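What follows is data.cif (mmCIF, C-alpha atoms).
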```cif
data_input
#
loop_
_atom_site.label_atom_id
_atom_site.label_comp_id
_atom_site.auth_asym_id
_atom_site.auth_seq_id
_atom_site.Cartn_x
_atom_site.Cartn_y
_atom_site.Cartn_z
CA MET U 27 132.26 102.55 100.45
CA LYS U 28 135.07 100.05 100.36
CA ALA U 29 135.00 97.42 97.64
CA MET U 30 134.05 94.62 100.05
CA GLU U 31 131.26 96.65 101.65
CA ARG U 32 129.96 97.60 98.21
CA HIS U 33 129.96 93.93 97.21
CA LYS U 34 128.00 92.95 100.35
CA HIS U 35 125.51 95.74 99.67
CA ILE U 36 125.05 94.58 96.05
CA VAL U 37 124.51 90.98 97.19
CA ARG U 38 121.90 92.09 99.73
CA LEU U 39 120.19 94.26 97.11
CA THR U 40 120.10 91.28 94.76
CA TYR U 41 118.60 89.03 97.44
CA SER U 42 116.10 91.76 98.29
CA ALA U 43 115.09 92.05 94.65
CA LEU U 44 114.63 88.28 94.53
CA CYS U 45 112.42 88.42 97.65
CA LEU U 46 110.42 91.28 96.13
CA ALA U 47 109.91 89.26 92.94
CA LEU U 48 108.85 86.21 94.95
CA GLY U 49 106.39 88.37 96.89
CA ILE U 50 104.79 89.40 93.62
CA VAL U 51 104.83 85.94 92.00
CA LEU U 52 103.91 83.60 94.91
CA PRO U 53 100.32 84.89 95.18
CA TYR U 54 99.78 83.71 91.60
CA LEU U 55 100.15 80.16 92.96
CA THR U 56 96.90 80.70 94.83
CA GLY U 57 95.26 81.46 91.50
CA ASN U 58 94.48 85.03 92.56
CA ILE U 59 91.64 83.68 94.69
CA PRO U 60 91.52 86.15 97.60
CA GLU U 61 90.23 83.63 100.14
CA ILE U 62 93.12 81.22 99.53
CA GLY U 63 95.64 84.05 99.35
CA GLN U 64 94.42 85.51 102.63
CA ALA U 65 94.62 82.11 104.29
CA LEU U 66 98.13 81.18 103.08
CA CYS U 67 99.67 84.69 103.20
CA PRO U 68 102.10 84.03 100.31
CA MET U 69 103.54 87.57 100.29
CA HIS U 70 104.66 87.20 103.91
CA LEU U 71 107.19 84.40 103.31
CA PRO U 72 109.69 86.30 101.11
CA VAL U 73 109.46 89.38 103.34
CA PHE U 74 110.38 87.35 106.41
CA LEU U 75 113.21 85.71 104.47
CA CYS U 76 114.49 89.10 103.38
CA GLY U 77 114.51 90.39 106.94
CA PHE U 78 116.26 87.31 108.29
CA THR U 79 118.85 87.02 105.53
CA CYS U 80 119.56 90.62 104.53
CA GLY U 81 118.78 92.56 107.71
CA TRP U 82 116.14 95.00 108.88
CA PRO U 83 116.59 97.89 106.41
CA TYR U 84 116.16 95.60 103.42
CA GLY U 85 113.27 93.71 105.04
CA LEU U 86 111.51 96.97 105.88
CA VAL U 87 111.74 98.30 102.32
CA VAL U 88 110.82 95.01 100.63
CA GLY U 89 107.93 94.57 103.05
CA PHE U 90 106.53 98.01 102.35
CA ILE U 91 106.96 97.89 98.56
CA THR U 92 105.73 94.33 97.88
CA PRO U 93 101.95 94.68 98.43
CA ILE U 94 101.81 98.11 96.79
CA LEU U 95 103.73 96.94 93.72
CA ARG U 96 101.64 93.76 93.53
CA SER U 97 98.48 95.86 93.68
CA LEU U 98 99.73 98.08 90.87
CA ILE U 99 100.74 95.10 88.71
CA ALA U 100 97.97 92.59 89.40
CA GLY U 101 95.21 94.60 91.03
CA MET U 102 95.33 92.30 94.08
CA PRO U 103 95.17 93.14 96.88
CA PRO U 104 93.09 96.24 96.20
CA MET U 105 95.24 99.32 96.79
CA PHE U 106 93.00 100.91 99.41
CA PRO U 107 92.74 99.76 102.11
CA GLY U 108 94.20 96.29 101.41
CA ALA U 109 97.66 96.94 99.95
CA VAL U 110 98.26 100.06 102.04
CA GLY U 111 97.43 98.24 105.27
CA MET U 112 99.52 95.25 104.23
CA ALA U 113 102.45 97.53 103.39
CA PHE U 114 102.69 98.56 107.05
CA GLU U 115 102.21 94.97 108.22
CA LEU U 116 104.86 93.50 105.94
CA ALA U 117 107.28 96.35 106.63
CA THR U 118 106.96 95.48 110.32
CA TYR U 119 107.63 91.80 109.57
CA GLY U 120 110.73 92.56 107.53
CA CYS U 121 112.07 95.14 109.95
CA LEU U 122 111.52 93.21 113.18
CA SER U 123 112.68 89.85 111.82
CA GLY U 124 115.98 91.41 110.74
CA LEU U 125 116.42 93.59 113.81
CA LEU U 126 115.47 91.04 116.48
CA TYR U 127 117.47 88.27 114.90
CA ARG U 128 120.53 90.48 114.95
CA LEU U 129 119.94 91.35 118.64
CA PHE U 130 118.92 87.94 120.04
CA PRO U 131 121.37 85.11 120.76
CA LYS U 132 122.01 82.96 117.71
CA LYS U 133 120.13 79.87 118.85
CA ILE U 134 117.21 78.13 117.19
CA PRO U 135 114.68 78.94 119.94
CA PHE U 136 115.45 82.62 119.39
CA LEU U 137 114.82 82.22 115.66
CA TYR U 138 111.30 81.09 116.57
CA ALA U 139 110.94 83.86 119.15
CA THR U 140 111.95 86.43 116.53
CA LEU U 141 109.46 85.00 114.06
CA LEU U 142 106.58 84.93 116.56
CA ILE U 143 107.23 88.43 117.90
CA SER U 144 107.46 89.77 114.35
CA MET U 145 104.22 88.01 113.39
CA ILE U 146 102.32 89.37 116.38
CA ALA U 147 103.67 92.91 115.97
CA GLY U 148 102.95 92.90 112.23
CA ARG U 149 99.36 91.83 112.78
CA ILE U 150 98.87 94.53 115.41
CA VAL U 151 100.32 97.13 113.03
CA TRP U 152 98.02 95.84 110.26
CA GLY U 153 95.01 96.22 112.56
CA ALA U 154 96.04 99.75 113.55
CA ALA U 155 96.63 100.71 109.92
CA ARG U 156 93.28 99.28 108.84
CA PHE U 157 91.55 101.11 111.69
CA VAL U 158 93.12 104.43 110.65
CA LEU U 159 92.40 103.79 106.96
CA ALA U 160 88.76 102.98 107.80
CA GLY U 161 88.51 106.46 109.30
CA PHE U 162 89.61 107.98 105.98
CA SER U 163 86.96 106.06 104.06
CA ALA U 164 84.15 106.61 106.59
CA THR U 165 83.80 102.85 107.12
CA LYS U 166 84.13 100.80 110.28
CA PHE U 167 86.82 98.34 111.23
CA PRO U 168 85.53 96.61 114.38
CA PHE U 169 87.64 94.38 116.61
CA SER U 170 85.86 91.32 115.21
CA ALA U 171 87.14 92.21 111.73
CA PHE U 172 90.66 92.48 113.16
CA ILE U 173 90.41 89.03 114.78
CA ALA U 174 88.98 87.52 111.58
CA GLY U 175 91.61 89.11 109.34
CA ALA U 176 94.67 88.82 111.54
CA ILE U 177 94.09 85.48 113.25
CA THR U 178 91.22 83.18 112.32
CA GLY U 179 91.37 83.80 108.58
CA SER U 180 95.17 83.44 108.55
CA ILE U 181 95.68 80.27 110.58
CA PRO U 182 96.96 78.20 107.60
CA GLY U 183 99.43 80.96 106.72
CA ILE U 184 100.56 81.33 110.33
CA ILE U 185 101.25 77.59 110.53
CA LEU U 186 103.02 77.66 107.15
CA GLN U 187 105.25 80.52 108.32
CA ILE U 188 106.12 78.87 111.65
CA VAL U 189 107.06 75.64 109.89
CA LEU U 190 108.64 76.90 106.68
CA ILE U 191 110.59 80.07 107.58
CA PRO U 192 113.02 78.47 110.09
CA ILE U 193 113.59 75.54 107.72
CA LEU U 194 114.31 77.87 104.80
CA VAL U 195 116.61 80.11 106.83
CA PHE U 196 118.54 77.13 108.12
CA ALA U 197 118.74 75.51 104.65
CA LEU U 198 119.91 78.74 103.00
CA ASP U 199 122.63 79.11 105.58
CA ARG U 200 123.72 75.47 105.34
CA ALA U 201 123.99 75.88 101.56
CA ARG U 202 126.01 79.08 102.16
CA LEU U 203 123.48 81.14 100.22
CA ILE U 204 122.99 83.81 102.88
CA PRO U 205 124.86 87.02 102.07
CA GLU U 206 128.18 87.41 103.88
CA GLY U 207 127.85 89.58 106.93
CA SER U 208 124.14 88.91 107.34
CA PRO U 209 122.77 88.48 110.84
CA ILE U 210 122.54 84.65 110.71
CA PRO U 211 125.51 82.48 111.67
CA MET U 212 123.37 79.30 111.78
CA ARG U 213 126.28 77.13 110.54
CA LYS U 214 127.90 77.59 113.94
CA ILE U 215 124.75 76.34 115.63
CA ALA U 216 124.65 73.22 113.44
CA GLN U 217 128.32 72.49 114.08
CA LYS U 218 127.82 72.65 117.88
CA ASN U 219 124.92 70.15 117.79
#
```

What do you get writing this file as structure tokens?
Amino acid sequence: MKAMERHKHIVRLTYSALCLALGIVLPYLTGNIPEIGQALCPMHLPVFLCGFTCGWPYGLVVGFITPILRSLIAGMPPMFPGAVGMAFELATYGCLSGLLYRLFPKKIPFLYATLLISMIAGRIVWGAARFVLAGFSATKFPFSAFIAGAITGSIPGIILQIVLIPILVFALDRARLIPEGSPIPMRKIAQKN
């Protein structure tokens, strides 16, 4: 690796580590009350930020590791099936947010499109993972449980993500805190408007 590429990689690793740490710490703000944590989805925010700011490989890894590491450290969410199912969901969020944002035109509506597509795909992956995991534990995971877990029980978190993620991405870029070479040239968008 050239020196500049190595530096960019180290910066992205550092940002990824920060997002991983935030994913472990933010749920403590909900007081480890599962109902509030499930509603606000605090682990999702840093994973989305990692995907948007560092790119899909970093978002994928941070997304997969965060719920498993949090389960090992704090016991919440329970490892099986909670953390394992969430690992696939958050990995999808981190991967798709980084990948789609790199592929789509660099305009604000596409930031929202990337976020919404990633959110929908992640919830579908979570449902599929929970369905498969239910088969391993000889329990059922009916469609009503999917709707309750992925949509109705998460409405406050969905709203929080739709409002907060674009603001944070834009603010990080305006403050020039997004790693060089990341997929977000939002400064150019702001200068055109």

* Asked: So, counting all atoms listed in the file, which residue among U:Tyr41, U:Tyr127, U:Tyr84, U:Trp152 is closest to Thr140 (chain U)?
  ->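 With all atoms listed in the file as the atom set, the closest residue is U:Tyr127.
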
task = Give me the result of the PyMOL selection byres ((chain U and resi 141-151) around 7) on this file, residue by residue, as a ChimeraX atom specification.
result = /U:114-116,118-119,122-123,137-140,152-155,176

### Message
Between CA of Ile99 (chain U) and CA of Ile188 (chain U), what distance in Å does the model show, to one decimal?
### Response
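CA of Ile99 (chain U) sits 28.6 Å away from CA of Ile188 (chain U).
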
Restricting to all atoms listed in the file, whichever of U:Gly108, U:Phe78, U:Ile50, U:Thr56 is closest to Phe196 (chain U) is U:Phe78

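Counting only C-alpha atoms, the residue from U:Ala29, U:Ile62, U:Ile193, U:Val37 that sits nearest to Ile181 (chain U) is U:Ile62.
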
Practice prompt. Using the chain letters and numbering of this document, enumerate as a list in words the residues selected by the PyMOL selection byres ((chain U and resi 91-97) around 8).
Written response: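 On this input, the PyMOL selection byres ((chain U and resi 91-97) around 8) captures Leu46, Gly49, Ile50, Met69, Val87, Val88, Gly89, Phe90, Leu98, Ile99, Ala100, Gly101, Met102, Pro103, Pro104, Met105, Ala109, Val110, Met112 and Ala113 of chain U.
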
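Of the listed residues (U:Gly175, U:Gly161, U:Ala65, U:Ala117), U:Ala117 comes nearest to Gly77 (chain U); the distances count only C-alpha atoms.
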